[in-house]
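One structure is given here, and the rest of the page talks about it.
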Amino acid sequence: MEEKSTEQESDKMEIKASDQPLIELSTQELDAFIRRANEKLQSKITELDEIKKNLEGKVERRTKEIEERAKDLEDSRRALINILEDVEESRKDAVKEKEKTISIINNFADGLIVLDRIGSIELVNPSAERIFNFKTKEVRGKKIQDLKDSPRLLKVLKLILKEEKIQKVERLEFFPEKEITIEITTIPLREEKKEFGYLLIFHDISREKMVERLKTEFVSIAAHQLRTPLAAIRWSLSLLQEENLTEEDRKDLLEKSAQSNDRMINLVNDLLNVSRMEEGRYVYEFEPKDVLKIVEQSIAAAREEAKKKKVNFQYIIPKEKIPHLNIDEEKIGLALQNLAENAVHYTSPSGKVLFKIDYSKERKEVLFTVKDTGVGIPKSQESRIFTKFFRAENVMRMETEGSGLGLFITKNIVESHGGKIWFISEENKGTTFNFTLPIKPGQEMQEFLESF
Amino acid sequence: MFTQLVMILSIVCLFWSGNKIFKRSKETNFYAGKILAAGLLFIGFSIVFYAIRDIFIQLGFNEIEIILYRIGGIFQALGTFSLIYFVFRTFSSKKISKIFVPAVAIVVMLLLVAIVFLPMESIEKESPIEIIPYRVITHPWQSKPINIFFLGSILFFSIIILFIFLFNISKEKNNKKNTKSLFYGLGILFLFSPAILCVFISPIFARIGYVIGAFLIYKAFDIEI
């Protein structure tokens, strides 16, 4: 009651105070007014504090919400970036695969033409461009039946088309030109049992055909070459069986048989050498050797024949000592023998043969020259002189002996030693064969240890 | 006395081998042999100067002694270059020669400059092997970097030469050729690498090395393959 009356009194004073200007208020009234004002202020402050707290709480909550949303957005962004990266990688892989496929197709040795369902050209690889002599950009999109500018393609179409439809064909041979054979194969392209095009494959088998033909020729020539000496031996042996032969006749027949036998052995050896060369089984054993000794041994038989035939055989060696060469003694001997014997063989009596050796320190090589004044080689046949079984026309007219393999073998031997062989010739004037053998690195050491 | 005998033996072996190898080079037209012969003769001449130098040391004429030492050094440097060039030219590939020979030439030129012009210490010692008192003098350079450069160069050349010969021996199956190779290789090595001992320890030990080298070359020439 007392509190209430005090409060009431205060309120009265406050009302009184609020109506009157402050300067007219008594001290008590003023104190009460101030007190009340303070209280109201405090409560307002408290209210404001609460509002502030509420607001802060709300702000904090909203901030948290926003942060969470931002985080979610960031996660989504990252996930999207990862997906995009994966897509980009897949795209790159697909491009790589496509490029790989195109590269394979473009580098494929066989010609490839891809046709769509209606027979229009979709793809032509470079090998096919070469076979049919057109460019992809000229023919892409056109129907294959409409390409009348390519005679070769027309020939192919005749083989593979039936009632305007492409037939399934496997390894069908066609001959666009002489000495060119191409195998055609057509493959229908299917996707889930539905045909969407054709793949035409053109495989050039010209080389295989040539090898087959050469093999047949080789056997035929070998058989022919062997038949002659065999026939001679048979004839000699049948004559030897006769009773009324003199001792001289018997000797003569036996000598002829022995010569024919030697011819056969030489021919078989040449054939074996050629066969081994072609198969890569002609093995060389290189060792440092004094080449002069080998030359002297190899040309001995030719010198002997020259003496009998009255051919002037000259042998010239350089003044300076030739270093040892890294060579296969047996093979080089064979090459030297071939050249020397050919020179004497195809030179008439009272002709000349010069066998010369030169040593060039600057070029680090030894040059062998075999020059004769023999029958020479016809100009039109010079390009074939090193081919198998080749014998020039003028030589064939002179005699039928000779396998035509000697120079082929000699060239192979020289080139396997890292050397070069060439010739200059004039028909009825003579021929000069030259070949070089290099002085290889590492030979200096061997030479030093052997000489010092 | 022992030192003088060793030097005389070295000189005789080197001049004999050098002369024989030079003659054989002319007969066989083998240019590299002439380089080897030149190397052996240069080393031989250097030892001649070292032998004369020793006389002046015993007589106490140190000013003349160092001049003779420098002249001997010039011959030995030229001989070393010839021997190393010979080894690269004959026993290694062109590619390796093209890289190393110019480098060796530059190093030897620098050593020549050092031998001729740079100041040296003079350290007198008693010879360890002689029965009668015998003085020797070592001449390391006054500059430490030059000494290190000299030591490093000789060691480097030695390792390279040894490697080249061992490599070639590993590829060769013929034992006689390998023995001959080894004699030449070690002989060449012993004709220049003991210079390290000469400069830093005592000339006596170097001269023992030189006589071993000379003897190995002499024997190598005798081995017939």
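In the structure tokens, chains take the letters A, B, ... in the order shown, each chain's residues start at 1, and ligands count up from 1 in the order shown.
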
Problem - Nearby residues (only C-alpha atoms) at most 6 Å from Ile43 in chain B, same-chain spacing under 2 positions excluded, as an MDAnalysis selection string - result: chainID B and resid 40:41 45:46 76 79

Exercise for the section: With a cut-off of 10 Å and counting only C-alpha atoms, select all residues of chain B in contact with chain A and give the selection as an NGL selection string. Expected result: :B and (20-22 or 24-33 or 87 or 89-94 or 168 or 176-178 or 180-181 or 184 or 220-225)

Exercise for the section: Enter the distance from CA of Thr432 in chain A to CA of Val370 in chain A, in Å, rounded to one decimal. Expected result: 5.6 Å

Practice task
Could you check which of B:Trp141, B:Phe150, B:Phe200, B:Phe163 is closest to Leu182 in chain B, using only C-alpha atoms?
Solution key: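 Once distances to Leu182 in chain B are computed over only C-alpha atoms, the minimum belongs to B:Phe163.
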
Problem - Near-range 210-227 of chain A list (9 Å; only C-alpha atoms; drop same-chain fewer than 5 positions) as number ranges by chain - result: A: 179, 205, 232, 263-264, 267-268, 271, 388-389, 401-403

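Pairwise distance (CA of Met1 in chain B, CA of Leu83 in chain B) equals 29.0 Å.
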
Handout entry: strand (DSSP E or B) per DSSP on the backbone: members of range 313-392 of chain A, as a list in words
Key = Phe313, Gln314, Tyr315, Ile316, Leu325, Asn326, Ile327, Lys352, Val353, Leu354, Phe355, Lys356, Ile357, Asp358, Tyr359, Ser360, Glu365, Val366, Leu367, Phe368, Thr369, Val370, Lys371 and Asp372 of chain A

Could you write out that same residue set with C-alpha atoms as a PDB file, in the first residue's frame?
```pdb
ATOM      1  CA  PHE A 313      97.390 -59.956-118.214  1.00  0.00           C
ATOM      2  CA  GLN A 314      98.809 -57.042-116.244  1.00  0.00           C
ATOM      3  CA  TYR A 315      98.661 -56.795-112.472  1.00  0.00           C
ATOM      4  CA  ILE A 316      99.445 -53.476-110.771  1.00  0.00           C
ATOM      5  CA  LEU A 325      90.816 -54.678 -94.547  1.00  0.00           C
ATOM      6  CA  ASN A 326      87.974 -56.112 -92.533  1.00  0.00           C
ATOM      7  CA  ILE A 327      86.704 -58.676 -95.070  1.00  0.00           C
ATOM      8  CA  LYS A 352      94.677 -57.085-122.792  1.00  0.00           C
ATOM      9  CA  VAL A 353      93.447 -57.425-119.234  1.00  0.00           C
ATOM     10  CA  LEU A 354      94.574 -55.027-116.529  1.00  0.00           C
ATOM     11  CA  PHE A 355      94.025 -55.778-112.848  1.00  0.00           C
ATOM     12  CA  LYS A 356      94.879 -52.738-110.749  1.00  0.00           C
ATOM     13  CA  ILE A 357      94.622 -51.888-107.064  1.00  0.00           C
ATOM     14  CA  ASP A 358      94.685 -48.319-105.723  1.00  0.00           C
ATOM     15  CA  TYR A 359      94.707 -47.151-102.125  1.00  0.00           C
ATOM     16  CA  SER A 360      93.181 -43.780-101.188  1.00  0.00           C
ATOM     17  CA  GLU A 365      89.095 -47.034 -99.332  1.00  0.00           C
ATOM     18  CA  VAL A 366      90.820 -49.469-101.661  1.00  0.00           C
ATOM     19  CA  LEU A 367      89.819 -49.386-105.347  1.00  0.00           C
ATOM     20  CA  PHE A 368      89.982 -52.506-107.527  1.00  0.00           C
ATOM     21  CA  THR A 369      89.923 -52.054-111.301  1.00  0.00           C
ATOM     22  CA  VAL A 370      89.562 -54.831-113.865  1.00  0.00           C
ATOM     23  CA  LYS A 371      89.880 -53.482-117.374  1.00  0.00           C
ATOM     24  CA  ASP A 372      89.714 -55.566-120.536  1.00  0.00           C
TER      25      ASP A 372
END
```

Practice task
Write out as a ChimeraX atom specification which residues come within 8 Å of Pro176 in chain A when counting only C-alpha atoms, dropping same-chain ones fewer than 3 positions away.
Solution key: /A:152,155,180-182

Practice task
Name the residues of range 336-438 of chain A that fall into alpha helix (DSSP H) according to DSSP on the backbone, using the chain letters and numbers of this document, as an MDAnalysis selection string.
Solution key: chainID A and resid 336:345 393:398 406:416

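The environment of Pro349 in chain A within 6 Å, counting only C-alpha atoms and disregarding residues fewer than 2 places along the same chain, consists of Lys309, Lys310, Val311 and Gly351 of chain A.
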
Hey, can you spit out that residue selection with N, CA and C atoms as an mmCIF file, in the first residue's frame?
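The resulting part.cif:
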```cif
data_model
loop_
_atom_site.group_PDB
_atom_site.id
_atom_site.type_symbol
_atom_site.label_atom_id
_atom_site.label_comp_id
_atom_site.auth_asym_id
_atom_site.auth_seq_id
_atom_site.Cartn_x
_atom_site.Cartn_y
_atom_site.Cartn_z
ATOM 1 N N LYS A 309 95.537 -68.463 -123.362
ATOM 2 C CA LYS A 309 94.758 -67.824 -124.434
ATOM 3 C C LYS A 309 95.556 -66.742 -125.158
ATOM 4 N N LYS A 310 96.772 -66.502 -124.657
ATOM 5 C CA LYS A 310 97.646 -65.434 -125.188
ATOM 6 C C LYS A 310 97.004 -64.057 -125.025
ATOM 7 N N VAL A 311 96.397 -63.864 -123.847
ATOM 8 C CA VAL A 311 95.876 -62.543 -123.487
ATOM 9 C C VAL A 311 96.896 -61.917 -122.528
ATOM 10 N N GLY A 351 94.422 -59.845 -126.836
ATOM 11 C CA GLY A 351 93.789 -58.714 -126.141
ATOM 12 C C GLY A 351 94.512 -58.435 -124.830
#
```

Problem - Interatomic distance, CA of Leu166 in chain B to CA of Val291 in chain A (Å, one decimal) - result: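 For CA of Leu166 in chain B relative to CA of Val291 in chain A, the distance reads 29.4 Å.
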